[in-house]
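> Before anything else, here's the structure in question.
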Amino acid sequence: MVSTGRVGCRRRPAGSLTVAGAVGVALAAGGCTGDSSVVSPKGPAASSVAGLWWPMLVAATAVFAFVTGMLLLAAARGRRRTEEQAKGAAAWGEPFIVFAGVVVSGIILVGFFVFSLGRMQALADAGHKTKLTVGVVGHDWWWEVRYPNGAVSANEIHIPAGVKVELALTTDDVIHSFWVPRLGPKTDMIPGQRNRLWLEASQPGTYRGQCAEFCGLQHANMLIRVVADTPADFDAWMAREAEPAAASDAAGQRVFETQTCAGCHTVRGAEAKGTIGPDLTHFGRRDTLGAGVRPRTPENLARWITDPQSLKPGTTMPPTTLAPADLNALVAYLDGLR
Ligand code: CUA
């Protein structure tokens, strides 16, 4: 049986690679873990993609089984060694090859092309009917998120559940690709271009995503979390996200403003207007740091500040050397940015 719920990445012993195993491998390739699996859609756009994927898998499996069967049959019958044998065997062969190889293949390919055009049209059109547009900018290697009320955040996108949300996708540097498999299709972020994508989460929850276009050393650690709140919770969240930073550790704020931090990061309400790194105004409300590389704990945050390369090699965040008291104050300050 094929489980569509959770698709693990466990290694299987080579001997047990049955048909079910092969299907499992295909599912794993489509989205390795259950909480980011294309075959476990949690919204209409993703359901539309899954509804295209399953018939394609069935057809491709049938074609693969048929071709493999013909190969085995050919191998079993062996070579035709004489002129007479070759003439006798070829009587039905040529029409069969033309029919199966050209006519049947053509019907299958054209059929799926037309079928997928319909899905693509539906996925493109719905974007015009959305009430909320969120801007997402790809950076090496994190995501900037901009809300219509002026709130700026990073790496975690909040959306209202049960509502179509349009994402306006751009990039600050190279090509990235935005992909949250359980909510919608992947869409590239291309320099100089604004691509659109709509998502909808049927239920509140957290949905994992991932950059899907190789963009450099930390491509694999360019993770995204979409948090679907109830519409009321979302409105409250977005309003609060647009406010200046909460009062936090005063000593830590001084460290933030006088050390290198403020050169790259913005904290609205503090003397920090850097635009190179993520906006940290409400950093204490996020679950992860470094675009998802670690949970946002004080220990991980201290390590991220002092030695970011040890958590995310290649990150443009420089290491900062601080006295222990200053480091503790800085961590408390960032943690308090709720
Ligand atoms: Cu951004 Cu891969």
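Chain lettering (A, B, ...) mirrors the order of the structure tokens, residue numbering begins at 1 for each chain separately, and ligand numbering begins at 1 in order of display.
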Report as a PyMOL selection string which protein, DNA and RNA residues come within 7 Å of ligand 1, using only C-alpha atoms and all ligand atoms.

chain A and resi 138-141+175-177+211-216+219-220+222

> With C-alpha atoms retained, write the just-selected residues as a CSV table (one decimal), in the first residue's frame.


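Listed below is the output, out-v7.csv:
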chain,number,residue,atom,x,y,z
A,138,GLY,CA,14.3,36.1,-2.3
A,139,HIS,CA,17.8,36.8,-1.0
A,140,ASP,CA,20.9,34.6,-0.6
A,141,TRP,CA,19.7,32.8,1.5
A,175,ILE,CA,17.0,33.1,-9.3
A,176,HIS,CA,15.2,31.5,-6.4
A,177,SER,CA,12.0,29.4,-6.5
A,211,CYS,CA,13.7,27.2,-2.2
A,212,ALA,CA,13.4,25.0,-5.2
A,213,GLU,CA,16.0,26.5,-7.5
A,214,PHE,CA,19.7,26.1,-6.8
A,215,CYS,CA,20.9,29.5,-5.7
A,216,GLY,CA,24.3,28.9,-4.1
A,219,HIS,CA,20.2,26.8,-1.2
A,220,ALA,CA,19.2,23.8,0.9
A,222,MET,CA,16.7,28.5,2.4

> Where in segment 82-204 of chain A does DSSP assign alpha helix (DSSP H), given as a VMD selection string?

chain A and resid 83 to 89 93 to 98 105 to 125

> Nearest to Pro41 of chain A among A:Glu271, A:Asp173, A:Glu241, A:Glu200, with distances taken over only C-alpha atoms: which residue is it?

A:Glu200

> Just checking: using only C-alpha atoms, which residue out of A:Ser116, A:Thr230, A:Gln309, A:Gln253 ends up closest to Ala332 of chain A?

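Under the stated criterion, the closest residue is A:Gln253.
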
> Show me, as a list of chain:residue names, the residues that have an atom within 9 Å of Lys42 of chain A when counting only C-alpha atoms, minus same-chain residues fewer than 2 positions from it.

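So, after excluding close chain neighbours, the residues are A:Ser40, A:Pro44, A:Ala45, A:Ala46, A:Ser47, A:Arg182, A:Leu183, A:Gly184, A:Glu200, A:Ala201, A:Ser202, A:Gln203, A:Tyr207.
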
> Considering only C-alpha atoms, can you say which of A:Leu117, A:Ala291, A:Ala59, A:Ala251 comes closest to Trp143 of chain A?

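Closest to Trp143 of chain A, using only C-alpha atoms: A:Ala291.
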
> From a DSSP calculation on the backbone, collect every residue of segment 35-204 of chain A in strand (DSSP E) and output the set as a short mmCIF file (atom, residue, chain, number, x, y, z; two decimals) with all heavy atoms, in the first residue's frame.


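Just written: out_5.cif:
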data_model
loop_
_atom_site.label_atom_id
_atom_site.label_comp_id
_atom_site.auth_asym_id
_atom_site.auth_seq_id
_atom_site.Cartn_x
_atom_site.Cartn_y
_atom_site.Cartn_z
N LEU A 132 -5.85 39.68 -0.62
CA LEU A 132 -4.62 40.02 0.11
C LEU A 132 -3.41 39.67 -0.75
O LEU A 132 -3.32 38.56 -1.27
CB LEU A 132 -4.57 39.22 1.43
CG LEU A 132 -3.28 39.34 2.24
CD1 LEU A 132 -3.15 40.73 2.84
CD2 LEU A 132 -3.26 38.29 3.36
N THR A 133 -2.52 40.63 -0.94
CA THR A 133 -1.28 40.37 -1.67
C THR A 133 -0.09 40.58 -0.72
O THR A 133 0.02 41.62 -0.08
CB THR A 133 -1.14 41.32 -2.88
OG1 THR A 133 -2.22 41.07 -3.77
CG2 THR A 133 0.17 41.06 -3.62
N VAL A 134 0.74 39.57 -0.64
CA VAL A 134 1.93 39.63 0.20
C VAL A 134 3.15 39.60 -0.72
O VAL A 134 3.22 38.76 -1.62
CB VAL A 134 1.97 38.44 1.19
CG1 VAL A 134 3.25 38.46 2.02
CG2 VAL A 134 0.74 38.47 2.10
N GLY A 135 4.07 40.53 -0.52
CA GLY A 135 5.29 40.55 -1.32
C GLY A 135 6.36 39.66 -0.70
O GLY A 135 6.57 39.71 0.51
N VAL A 136 6.98 38.83 -1.51
CA VAL A 136 8.07 37.99 -1.01
C VAL A 136 9.29 38.23 -1.90
O VAL A 136 9.19 38.15 -3.12
CB VAL A 136 7.69 36.49 -1.03
CG1 VAL A 136 8.82 35.65 -0.42
CG2 VAL A 136 6.40 36.25 -0.26
N VAL A 137 10.41 38.58 -1.27
CA VAL A 137 11.65 38.85 -2.01
C VAL A 137 12.68 37.80 -1.62
O VAL A 137 12.96 37.60 -0.43
CB VAL A 137 12.19 40.26 -1.67
CG1 VAL A 137 13.39 40.59 -2.57
CG2 VAL A 137 11.10 41.32 -1.81
N GLY A 138 13.25 37.13 -2.61
CA GLY A 138 14.28 36.13 -2.35
C GLY A 138 15.63 36.80 -2.20
O GLY A 138 15.96 37.75 -2.92
N HIS A 139 16.39 36.36 -1.21
CA HIS A 139 17.76 36.83 -1.01
C HIS A 139 18.63 35.58 -0.80
O HIS A 139 18.14 34.57 -0.31
CB HIS A 139 17.87 37.68 0.27
CG HIS A 139 17.09 38.97 0.24
ND1 HIS A 139 17.65 40.17 -0.12
CD2 HIS A 139 15.80 39.24 0.55
CE1 HIS A 139 16.73 41.13 -0.01
NE2 HIS A 139 15.59 40.60 0.37
N TRP A 142 17.67 33.84 2.30
CA TRP A 142 16.53 34.06 3.20
C TRP A 142 15.42 34.74 2.41
O TRP A 142 15.62 35.12 1.25
CB TRP A 142 16.95 34.91 4.42
CG TRP A 142 17.54 36.25 4.08
CD1 TRP A 142 18.82 36.49 3.64
CD2 TRP A 142 16.90 37.53 4.14
NE1 TRP A 142 19.00 37.83 3.42
CE2 TRP A 142 17.85 38.49 3.73
CE3 TRP A 142 15.62 37.95 4.51
CZ2 TRP A 142 17.55 39.86 3.66
CZ3 TRP A 142 15.33 39.30 4.45
CH2 TRP A 142 16.29 40.23 4.03
N TRP A 143 14.27 34.87 3.04
CA TRP A 143 13.09 35.42 2.37
C TRP A 143 12.64 36.68 3.10
O TRP A 143 12.44 36.66 4.31
CB TRP A 143 11.93 34.43 2.39
CG TRP A 143 12.29 33.04 1.98
CD1 TRP A 143 12.79 32.06 2.80
CD2 TRP A 143 12.17 32.45 0.68
NE1 TRP A 143 12.98 30.90 2.07
CE2 TRP A 143 12.61 31.11 0.77
CE3 TRP A 143 11.71 32.93 -0.54
CZ2 TRP A 143 12.61 30.25 -0.30
CZ3 TRP A 143 11.71 32.05 -1.62
CH2 TRP A 143 12.17 30.74 -1.50
N GLU A 144 12.44 37.75 2.37
CA GLU A 144 11.88 38.98 2.93
C GLU A 144 10.38 38.96 2.65
O GLU A 144 9.97 38.60 1.55
CB GLU A 144 12.55 40.17 2.23
CG GLU A 144 12.05 41.52 2.65
CD GLU A 144 12.74 42.63 1.82
OE1 GLU A 144 13.84 42.39 1.25
OE2 GLU A 144 12.15 43.71 1.72
N VAL A 145 9.58 39.33 3.62
CA VAL A 145 8.13 39.25 3.47
C VAL A 145 7.52 40.62 3.77
O VAL A 145 7.78 41.20 4.83
CB VAL A 145 7.54 38.20 4.44
CG1 VAL A 145 6.07 37.96 4.11
CG2 VAL A 145 8.31 36.90 4.37
N ARG A 146 6.74 41.14 2.83
CA ARG A 146 6.15 42.49 2.98
C ARG A 146 4.64 42.42 2.90
O ARG A 146 4.08 41.87 1.95
CB ARG A 146 6.68 43.41 1.87
CG ARG A 146 8.19 43.63 1.97
CD ARG A 146 8.72 44.62 0.95
NE ARG A 146 10.03 45.07 1.36
CZ ARG A 146 10.25 46.14 2.12
NH1 ARG A 146 9.23 46.89 2.50
NH2 ARG A 146 11.46 46.47 2.50
N VAL A 152 6.98 44.40 7.77
CA VAL A 152 8.04 43.68 7.08
C VAL A 152 8.54 42.58 8.00
O VAL A 152 8.79 42.82 9.18
CB VAL A 152 9.21 44.62 6.70
CG1 VAL A 152 10.28 43.85 5.92
CG2 VAL A 152 8.71 45.80 5.89
N SER A 153 8.66 41.39 7.46
CA SER A 153 9.11 40.27 8.27
C SER A 153 10.07 39.42 7.44
O SER A 153 10.48 39.84 6.34
CB SER A 153 7.89 39.46 8.73
OG SER A 153 8.28 38.48 9.65
N ALA A 154 10.42 38.28 7.95
CA ALA A 154 11.35 37.42 7.20
C ALA A 154 11.11 35.96 7.53
O ALA A 154 10.87 35.60 8.68
CB ALA A 154 12.79 37.80 7.52
N GLU A 156 9.13 33.69 7.73
CA GLU A 156 7.87 33.09 8.17
C GLU A 156 6.74 33.96 7.65
O GLU A 156 6.65 35.14 7.98
CB GLU A 156 7.84 32.99 9.69
CG GLU A 156 8.90 32.01 10.20
CD GLU A 156 8.92 31.85 11.71
OE1 GLU A 156 7.96 32.25 12.39
OE2 GLU A 156 9.91 31.32 12.21
N ILE A 157 5.88 33.38 6.83
CA ILE A 157 4.77 34.12 6.23
C ILE A 157 3.50 33.74 6.95
O ILE A 157 3.16 32.56 7.03
CB ILE A 157 4.63 33.79 4.73
CG1 ILE A 157 5.92 34.12 3.99
CG2 ILE A 157 3.46 34.55 4.13
CD1 ILE A 157 5.84 33.79 2.51
N HIS A 158 2.82 34.71 7.48
CA HIS A 158 1.50 34.44 8.07
C HIS A 158 0.43 34.73 7.02
O HIS A 158 0.53 35.72 6.28
CB HIS A 158 1.27 35.30 9.31
CG HIS A 158 1.94 34.75 10.53
ND1 HIS A 158 1.25 34.26 11.61
CD2 HIS A 158 3.25 34.57 10.81
CE1 HIS A 158 2.10 33.81 12.52
NE2 HIS A 158 3.33 34.00 12.07
N ILE A 159 -0.55 33.85 6.93
CA ILE A 159 -1.68 34.07 6.04
C ILE A 159 -2.96 33.69 6.79
O ILE A 159 -2.91 32.92 7.75
CB ILE A 159 -1.58 33.23 4.73
CG1 ILE A 159 -1.53 31.73 5.04
CG2 ILE A 159 -0.38 33.65 3.90
CD1 ILE A 159 -1.66 30.86 3.79
N PRO A 160 -4.11 34.23 6.36
CA PRO A 160 -5.36 33.78 6.96
C PRO A 160 -5.80 32.46 6.32
O PRO A 160 -5.72 32.31 5.10
CB PRO A 160 -6.33 34.91 6.63
CG PRO A 160 -5.74 35.61 5.45
CD PRO A 160 -4.27 35.33 5.41
N VAL A 165 -4.64 33.92 -1.01
CA VAL A 165 -3.64 34.96 -0.81
C VAL A 165 -2.72 34.97 -2.03
O VAL A 165 -2.24 33.93 -2.47
CB VAL A 165 -2.79 34.67 0.46
CG1 VAL A 165 -1.72 35.74 0.64
CG2 VAL A 165 -3.70 34.60 1.68
N GLU A 166 -2.52 36.16 -2.56
CA GLU A 166 -1.61 36.28 -3.70
C GLU A 166 -0.22 36.63 -3.20
O GLU A 166 -0.07 37.50 -2.33
CB GLU A 166 -2.09 37.37 -4.66
CG GLU A 166 -1.22 37.44 -5.91
CD GLU A 166 -1.60 38.61 -6.79
OE1 GLU A 166 -1.62 39.76 -6.31
OE2 GLU A 166 -1.88 38.37 -7.97
N LEU A 167 0.78 35.96 -3.73
CA LEU A 167 2.16 36.30 -3.41
C LEU A 167 2.78 36.95 -4.64
O LEU A 167 2.70 36.41 -5.74
CB LEU A 167 2.96 35.05 -3.02
CG LEU A 167 2.46 34.26 -1.81
CD1 LEU A 167 3.42 33.11 -1.50
CD2 LEU A 167 2.31 35.15 -0.59
N ALA A 168 3.36 38.14 -4.44
CA ALA A 168 4.10 38.81 -5.52
C ALA A 168 5.57 38.49 -5.29
O ALA A 168 6.15 38.89 -4.28
CB ALA A 168 3.84 40.31 -5.46
N LEU A 169 6.16 37.73 -6.22
CA LEU A 169 7.49 37.16 -5.99
C LEU A 169 8.55 37.88 -6.81
O LEU A 169 8.45 37.98 -8.04
CB LEU A 169 7.48 35.67 -6.37
CG LEU A 169 6.42 34.81 -5.66
CD1 LEU A 169 6.38 33.41 -6.28
CD2 LEU A 169 6.70 34.72 -4.17
N THR A 170 9.56 38.39 -6.11
CA THR A 170 10.70 39.02 -6.79
C THR A 170 11.98 38.52 -6.13
O THR A 170 11.93 37.80 -5.13
CB THR A 170 10.64 40.56 -6.67
OG1 THR A 170 10.52 40.92 -5.30
CG2 THR A 170 9.47 41.14 -7.43
N THR A 171 13.12 38.91 -6.66
CA THR A 171 14.39 38.52 -6.06
C THR A 171 15.32 39.71 -6.01
O THR A 171 15.25 40.62 -6.85
CB THR A 171 15.04 37.35 -6.82
OG1 THR A 171 16.35 37.12 -6.28
CG2 THR A 171 15.17 37.66 -8.31
N HIS A 176 15.63 32.41 -7.44
CA HIS A 176 15.18 31.49 -6.41
C HIS A 176 13.84 30.92 -6.87
O HIS A 176 13.28 31.39 -7.87
CB HIS A 176 14.98 32.21 -5.07
CG HIS A 176 16.21 32.92 -4.58
ND1 HIS A 176 17.18 32.28 -3.85
CD2 HIS A 176 16.63 34.20 -4.72
CE1 HIS A 176 18.15 33.15 -3.55
NE2 HIS A 176 17.84 34.32 -4.07
N SER A 177 13.33 29.94 -6.14
CA SER A 177 12.02 29.42 -6.49
C SER A 177 11.23 29.16 -5.21
O SER A 177 11.69 28.46 -4.32
CB SER A 177 12.15 28.13 -7.31
OG SER A 177 10.88 27.71 -7.75
N PHE A 178 10.07 29.78 -5.14
CA PHE A 178 9.24 29.69 -3.95
C PHE A 178 8.38 28.44 -4.04
O PHE A 178 7.65 28.26 -5.01
CB PHE A 178 8.36 30.94 -3.85
CG PHE A 178 7.53 30.99 -2.61
CD1 PHE A 178 7.98 31.68 -1.50
CD2 PHE A 178 6.30 30.35 -2.54
CE1 PHE A 178 7.22 31.73 -0.34
CE2 PHE A 178 5.54 30.40 -1.38
CZ PHE A 178 6.01 31.09 -0.29
N THR A 187 6.99 28.48 -7.90
CA THR A 187 7.10 29.58 -8.85
C THR A 187 8.46 30.24 -8.71
O THR A 187 8.88 30.56 -7.59
CB THR A 187 5.98 30.63 -8.59
OG1 THR A 187 4.71 29.98 -8.70
CG2 THR A 187 6.04 31.75 -9.62
N ASP A 188 9.13 30.45 -9.83
CA ASP A 188 10.47 31.04 -9.80
C ASP A 188 10.41 32.53 -9.45
O ASP A 188 9.46 33.23 -9.79
CB ASP A 188 11.15 30.88 -11.17
CG ASP A 188 11.73 29.47 -11.33
OD1 ASP A 188 11.58 28.67 -10.38
OD2 ASP A 188 12.32 29.19 -12.38
N MET A 189 11.48 32.99 -8.79
CA MET A 189 11.68 34.42 -8.53
C MET A 189 12.83 34.84 -9.43
O MET A 189 13.96 34.36 -9.26
CB MET A 189 12.02 34.62 -7.07
CG MET A 189 10.98 33.97 -6.16
SD MET A 189 11.56 33.82 -4.48
CE MET A 189 10.55 35.03 -3.67
N ASN A 195 6.71 37.80 -10.44
CA ASN A 195 5.84 36.65 -10.70
C ASN A 195 4.77 36.56 -9.63
O ASN A 195 4.98 36.98 -8.50
CB ASN A 195 6.66 35.36 -10.73
CG ASN A 195 7.39 35.20 -12.05
OD1 ASN A 195 7.12 35.92 -13.01
ND2 ASN A 195 8.33 34.28 -12.10
N ARG A 196 3.64 35.99 -10.02
CA ARG A 196 2.54 35.89 -9.08
C ARG A 196 2.17 34.45 -8.83
O ARG A 196 2.27 33.60 -9.73
CB ARG A 196 1.33 36.65 -9.64
CG ARG A 196 1.57 38.12 -9.61
CD ARG A 196 0.51 38.93 -10.31
NE ARG A 196 0.94 40.33 -10.33
CZ ARG A 196 0.87 41.14 -9.27
NH1 ARG A 196 0.36 40.71 -8.15
NH2 ARG A 196 1.30 42.36 -9.36
N LEU A 197 1.74 34.21 -7.60
CA LEU A 197 1.37 32.86 -7.20
C LEU A 197 0.27 33.01 -6.17
O LEU A 197 0.30 33.95 -5.38
CB LEU A 197 2.60 32.20 -6.55
CG LEU A 197 2.39 30.93 -5.71
CD1 LEU A 197 2.08 29.76 -6.63
CD2 LEU A 197 3.65 30.61 -4.91
N TRP A 198 -0.73 32.16 -6.22
CA TRP A 198 -1.72 32.24 -5.13
C TRP A 198 -1.71 30.95 -4.33
O TRP A 198 -1.48 29.87 -4.85
CB TRP A 198 -3.11 32.59 -5.63
CG TRP A 198 -3.78 31.54 -6.45
CD1 TRP A 198 -3.67 31.37 -7.81
CD2 TRP A 198 -4.66 30.51 -5.99
NE1 TRP A 198 -4.42 30.30 -8.20
CE2 TRP A 198 -5.04 29.75 -7.10
CE3 TRP A 198 -5.16 30.16 -4.74
CZ2 TRP A 198 -5.90 28.66 -7.01
CZ3 TRP A 198 -6.01 29.07 -4.64
CH2 TRP A 198 -6.38 28.34 -5.77
N LEU A 199 -1.92 31.15 -3.03
CA LEU A 199 -1.94 30.04 -2.10
C LEU A 199 -3.21 30.14 -1.26
O LEU A 199 -3.73 31.22 -1.04
CB LEU A 199 -0.78 30.13 -1.10
CG LEU A 199 0.64 30.06 -1.57
CD1 LEU A 199 1.56 30.17 -0.37
CD2 LEU A 199 0.89 28.77 -2.30
#

> Can you pull out the residues contacting Arg268 of chain A? Cut-off 7 Å, using only C-alpha atoms, and skip same-chain residues under 3 positions away; I want them as a PyMOL selection string.

chain A and resi 244-245+281

> Print the selection's residues with all heavy atoms to a file, as a PDB file, in the first residue's frame.


ATOM      1  N   PRO A 244       5.979  49.472  15.765  1.00  0.00           N
ATOM      2  CA  PRO A 244       7.397  49.491  16.102  1.00  0.00           C
ATOM      3  C   PRO A 244       7.726  48.409  17.122  1.00  0.00           C
ATOM      4  O   PRO A 244       6.826  47.816  17.717  1.00  0.00           O
ATOM      5  CB  PRO A 244       7.603  50.889  16.705  1.00  0.00           C
ATOM      6  CG  PRO A 244       6.370  51.652  16.440  1.00  0.00           C
ATOM      7  CD  PRO A 244       5.272  50.693  16.151  1.00  0.00           C
ATOM      8  N   ALA A 245       9.020  48.198  17.320  1.00  0.00           N
ATOM      9  CA  ALA A 245       9.458  47.137  18.224  1.00  0.00           C
ATOM     10  C   ALA A 245       8.938  47.353  19.638  1.00  0.00           C
ATOM     11  O   ALA A 245       8.786  48.477  20.103  1.00  0.00           O
ATOM     12  CB  ALA A 245      10.981  47.083  18.242  1.00  0.00           C
ATOM     13  N   THR A 281      12.362  43.573  13.581  1.00  0.00           N
ATOM     14  CA  THR A 281      11.493  44.338  14.488  1.00  0.00           C
ATOM     15  C   THR A 281      10.704  43.435  15.432  1.00  0.00           C
ATOM     16  O   THR A 281      10.546  43.744  16.611  1.00  0.00           O
ATOM     17  CB  THR A 281      10.520  45.214  13.673  1.00  0.00           C
ATOM     18  OG1 THR A 281      11.296  46.022  12.781  1.00  0.00           O
ATOM     19  CG2 THR A 281       9.689  46.113  14.578  1.00  0.00           C
TER      20      THR A 281
END

> For Asn155 of chain A, which residue out of A:Arg208, A:Asp307, A:Gly314, A:Ala242 is the nearest one, using only C-alpha atoms?

A:Arg208

> Have a look at A:Ser310, A:Gln259, A:Thr316, A:Gln121 and name the one nearest to Ile276 of chain A; count only C-alpha atoms.

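The closest residue to Ile276 of chain A is A:Thr316.
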
> Work out how far atom CA of Leu223 of chain A is from atom CA of Pro295 of chain A, in Å to one decimal.

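One can read the atom CA of Pro295 of chain A to atom CA of Leu223 of chain A distance as 12.2 Å.
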
> I want to know what sits within 10 Å of Arg338 of chain A, based on only C-alpha atoms, with residues of the same chain fewer than 5 positions away left out; could you give that as an NGL selection string?

:A and (240-241 or 245-248 or 280-286 or 333)

> Give me, as a list in words, all polymer residues having an atom no more than 7 Å from Pro185 of chain A, counting only C-alpha atoms and skipping those fewer than 4 positions away in the same chain.

Ala46, Val49, Trp179 and Pro181 of chain A

> With all heavy atoms kept, could you save the residues just selected as a PDB file, in the first residue's frame?


ATOM      1  N   ALA A  46      -2.790  23.411  -4.155  1.00  0.00           N
ATOM      2  CA  ALA A  46      -1.982  22.196  -4.043  1.00  0.00           C
ATOM      3  C   ALA A  46      -2.785  20.969  -4.451  1.00  0.00           C
ATOM      4  O   ALA A  46      -2.249  20.036  -5.056  1.00  0.00           O
ATOM      5  CB  ALA A  46      -1.451  22.055  -2.616  1.00  0.00           C
ATOM      6  N   VAL A  49      -2.636  20.628  -8.112  1.00  0.00           N
ATOM      7  CA  VAL A  49      -1.354  20.055  -8.552  1.00  0.00           C
ATOM      8  C   VAL A  49      -1.343  18.547  -8.312  1.00  0.00           C
ATOM      9  O   VAL A  49      -0.966  17.757  -9.188  1.00  0.00           O
ATOM     10  CB  VAL A  49      -0.172  20.729  -7.812  1.00  0.00           C
ATOM     11  CG1 VAL A  49       1.144  20.034  -8.162  1.00  0.00           C
ATOM     12  CG2 VAL A  49      -0.099  22.209  -8.148  1.00  0.00           C
ATOM     13  N   TRP A 179       8.454  27.595  -3.008  1.00  0.00           N
ATOM     14  CA  TRP A 179       7.685  26.356  -3.076  1.00  0.00           C
ATOM     15  C   TRP A 179       7.255  25.901  -1.688  1.00  0.00           C
ATOM     16  O   TRP A 179       8.104  25.564  -0.858  1.00  0.00           O
ATOM     17  CB  TRP A 179       8.503  25.251  -3.751  1.00  0.00           C
ATOM     18  CG  TRP A 179       7.699  24.038  -4.107  1.00  0.00           C
ATOM     19  CD1 TRP A 179       6.380  23.995  -4.436  1.00  0.00           C
ATOM     20  CD2 TRP A 179       8.169  22.689  -4.192  1.00  0.00           C
ATOM     21  NE1 TRP A 179       5.993  22.711  -4.728  1.00  0.00           N
ATOM     22  CE2 TRP A 179       7.073  21.892  -4.585  1.00  0.00           C
ATOM     23  CE3 TRP A 179       9.404  22.076  -3.995  1.00  0.00           C
ATOM     24  CZ2 TRP A 179       7.172  20.515  -4.758  1.00  0.00           C
ATOM     25  CZ3 TRP A 179       9.507  20.704  -4.174  1.00  0.00           C
ATOM     26  CH2 TRP A 179       8.408  19.929  -4.558  1.00  0.00           C
ATOM     27  N   PRO A 181       4.988  22.962  -0.832  1.00  0.00           N
ATOM     28  CA  PRO A 181       4.307  21.895  -1.573  1.00  0.00           C
ATOM     29  C   PRO A 181       2.873  21.602  -1.145  1.00  0.00           C
ATOM     30  O   PRO A 181       2.053  21.243  -1.974  1.00  0.00           O
ATOM     31  CB  PRO A 181       5.198  20.672  -1.319  1.00  0.00           C
ATOM     32  CG  PRO A 181       6.534  21.226  -0.972  1.00  0.00           C
ATOM     33  CD  PRO A 181       6.268  22.524  -0.260  1.00  0.00           C
TER      34      PRO A 181
END

> Atom CA of Asn300 of chain A to atom CA of Lys273 of chain A: how many Å, to one decimal?

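Atom CA of Lys273 of chain A lies at a distance of 24.1 Å from atom CA of Asn300 of chain A.
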